Each structure stands twice: as C-alpha cells, then as structure tokens.
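> Please read through the structure below; I'll follow up with questions.
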Amino acid sequence: MSEFEFLWSQYKKAAASAARQGNLIKATRILKEAFRESEEYGELDEELIELAHAFAQQHLNLSRFGEAESLYRLVLEVREKLLGQTHDDVVESLKRVAVVQIMSFRAEALGGKQTHGTMPWGDVLPATG
C-alpha cells in the first residue's frame, strides 16, 4: 500500500465511521480535509469521490442543499485542477453542482418544501461503465 493509499484509506474510514454514528456534518468535514490533501498532493482517489457523492446525496435527502453543493463543488474543483476543464469527469461534476442549485432554487420558490429528495442522476448524467 502506497503512502497515498494509506492516507486516503484513513480519511475514508474516519468519514464512514462518523457517518455511521449519525454525524454527517463531521463526516463531510473529514472528506473536505481529504480533498484539500488530495489537491495538495496531486492525487485523486475515486473512492473518495464516490463517498463524497454518497454524502452529498444524504444531504440532499435532508434538504441540506448548501452542504450537498459544497461537496459536489469540492469534487469539481479538485477534478478540474487535476484533470483539466474539458475532462468528462469534470463535466459530470459540473452537472451535479448545477442540478443541486436548481433543486435549491426550486425548494426556495416552493417555500422551502422538499420537492424531490433523491436526485434522478440517470436522467441528467450518462451511465458510466
């Protein structure tokens, strides 16, 4: 196991543990720190991204649009820096940020009522293989 793999595994374990204990805010904070390190080292861990997406979806389910957007935006920024602006993964991340913004505006327009907790990503994003 490389130094980076060990570091990312520690972040993933800590974030998952916090989430299992019901502390999604702490889990999100841990992931944000992991992404800052990821950007600093120039390393991108796909499992960190999957975890960030899962936590963002949990925030969406709780109508915490700001937290969801901040996670998606963080993934976007790191991907953009490490992969370049035109990479398919960057485009996918940009779509996620845009969709969360639309959901947030829609909920606000409807008086803060949740209109659709789970984002139908398949309707917006192409399937990845």
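By order in the structure tokens, chains are A, B, ...; within a chain, residues start at 1; ligands start at 1, following the order shown.
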With 9 Å as the cut-off and only C-alpha atoms counted, what is the closest atom pair between each nearby residue of region 17-108 of chain A and region 5-9 of chain A? Distances in Å to one decimal, ordered by chain and number, as CSV.


```
residue,atom,partner,partner_atom,distance
A:Ala34,CA,A:Trp8,CA,7.1
A:Ser38,CA,A:Trp8,CA,8.4
A:Asp45,CA,A:Trp8,CA,7.2
A:Glu47,CA,A:Trp8,CA,8.7
A:Leu48,CA,A:Trp8,CA,7.4
```

> Can those selected residues be exported to a file as a PDB file, in the first residue's frame so that it contains C-alpha atoms?


```pdb
ATOM      1  CA  ALA A  34      -9.210  14.721   2.442  1.00  0.00           C
ATOM      2  CA  SER A  38      -5.766  15.301  -2.473  1.00  0.00           C
ATOM      3  CA  ASP A  45      -8.908   8.765  -5.197  1.00  0.00           C
ATOM      4  CA  GLU A  47     -13.437   6.007  -3.704  1.00  0.00           C
ATOM      5  CA  LEU A  48     -13.197   9.419  -2.008  1.00  0.00           C
TER       6      LEU A  48
END
```

> I'd like the contact shell of Ser104 (chain A) - 9 Å cut-off, only C-alpha atoms, skipping same-chain residues fewer than 6 positions apart - returned as an NGL selection string.

:A and (63-66 or 112)

> Could you make a table, as JSON lines, of the residues of region 1-43 of chain A that have an atom within 9 Å of an atom of region 69-80 of chain A, each with its nearest atom pair and distance in Å to one decimal, counting only C-alpha atoms, in chain and number order?


```
{"residue": "A:Thr28", "atom": "CA", "partner": "A:Leu71", "partner_atom": "CA", "distance": 7.6}
{"residue": "A:Leu31", "atom": "CA", "partner": "A:Leu71", "partner_atom": "CA", "distance": 8.4}
{"residue": "A:Lys32", "atom": "CA", "partner": "A:Leu74", "partner_atom": "CA", "distance": 7.4}
{"residue": "A:Phe35", "atom": "CA", "partner": "A:Val78", "partner_atom": "CA", "distance": 7.1}
{"residue": "A:Arg36", "atom": "CA", "partner": "A:Val78", "partner_atom": "CA", "distance": 8.2}
{"residue": "A:Ser38", "atom": "CA", "partner": "A:Val78", "partner_atom": "CA", "distance": 7.6}
{"residue": "A:Glu39", "atom": "CA", "partner": "A:Val78", "partner_atom": "CA", "distance": 5.8}
{"residue": "A:Gly42", "atom": "CA", "partner": "A:Val78", "partner_atom": "CA", "distance": 8.8}
```

> Export N, CA and C atoms of the chosen residues as a PDB file, in the first residue's frame?


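Everything below was put into out_12.pdb:
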```
ATOM      1  N   THR A  28     -18.635  14.948   6.592  1.00  0.00           N
ATOM      2  CA  THR A  28     -18.416  15.884   5.483  1.00  0.00           C
ATOM      3  C   THR A  28     -17.150  16.694   5.711  1.00  0.00           C
ATOM      4  N   LEU A  31     -14.167  14.583   4.914  1.00  0.00           N
ATOM      5  CA  LEU A  31     -13.995  14.446   3.464  1.00  0.00           C
ATOM      6  C   LEU A  31     -13.421  15.715   2.839  1.00  0.00           C
ATOM      7  N   LYS A  32     -13.880  16.855   3.304  1.00  0.00           N
ATOM      8  CA  LYS A  32     -13.354  18.115   2.768  1.00  0.00           C
ATOM      9  C   LYS A  32     -11.856  18.235   3.027  1.00  0.00           C
ATOM     10  N   PHE A  35     -10.045  16.027   0.577  1.00  0.00           N
ATOM     11  CA  PHE A  35      -9.943  16.627  -0.756  1.00  0.00           C
ATOM     12  C   PHE A  35      -8.903  17.742  -0.797  1.00  0.00           C
ATOM     13  N   ARG A  36      -8.761  18.483   0.286  1.00  0.00           N
ATOM     14  CA  ARG A  36      -7.699  19.505   0.323  1.00  0.00           C
ATOM     15  C   ARG A  36      -6.326  18.837   0.198  1.00  0.00           C
ATOM     16  N   SER A  38      -5.806  15.884  -1.136  1.00  0.00           N
ATOM     17  CA  SER A  38      -5.766  15.301  -2.473  1.00  0.00           C
ATOM     18  C   SER A  38      -5.269  16.317  -3.487  1.00  0.00           C
ATOM     19  N   GLU A  39      -5.801  17.519  -3.383  1.00  0.00           N
ATOM     20  CA  GLU A  39      -5.396  18.594  -4.286  1.00  0.00           C
ATOM     21  C   GLU A  39      -3.931  18.961  -4.065  1.00  0.00           C
ATOM     22  N   GLY A  42      -1.783  16.247  -5.479  1.00  0.00           N
ATOM     23  CA  GLY A  42      -1.996  15.958  -6.894  1.00  0.00           C
ATOM     24  C   GLY A  42      -2.470  14.544  -7.141  1.00  0.00           C
TER      25      GLY A  42
END
```

> Hey, what's within 9 Å of Phe55 (chain A) if we count only C-alpha atoms and toss same-chain stuff fewer than 2 positions away? As an NGL selection string, please?

:A and (19 or 24 or 27-28 or 50-53 or 57-60 or 68 or 71)
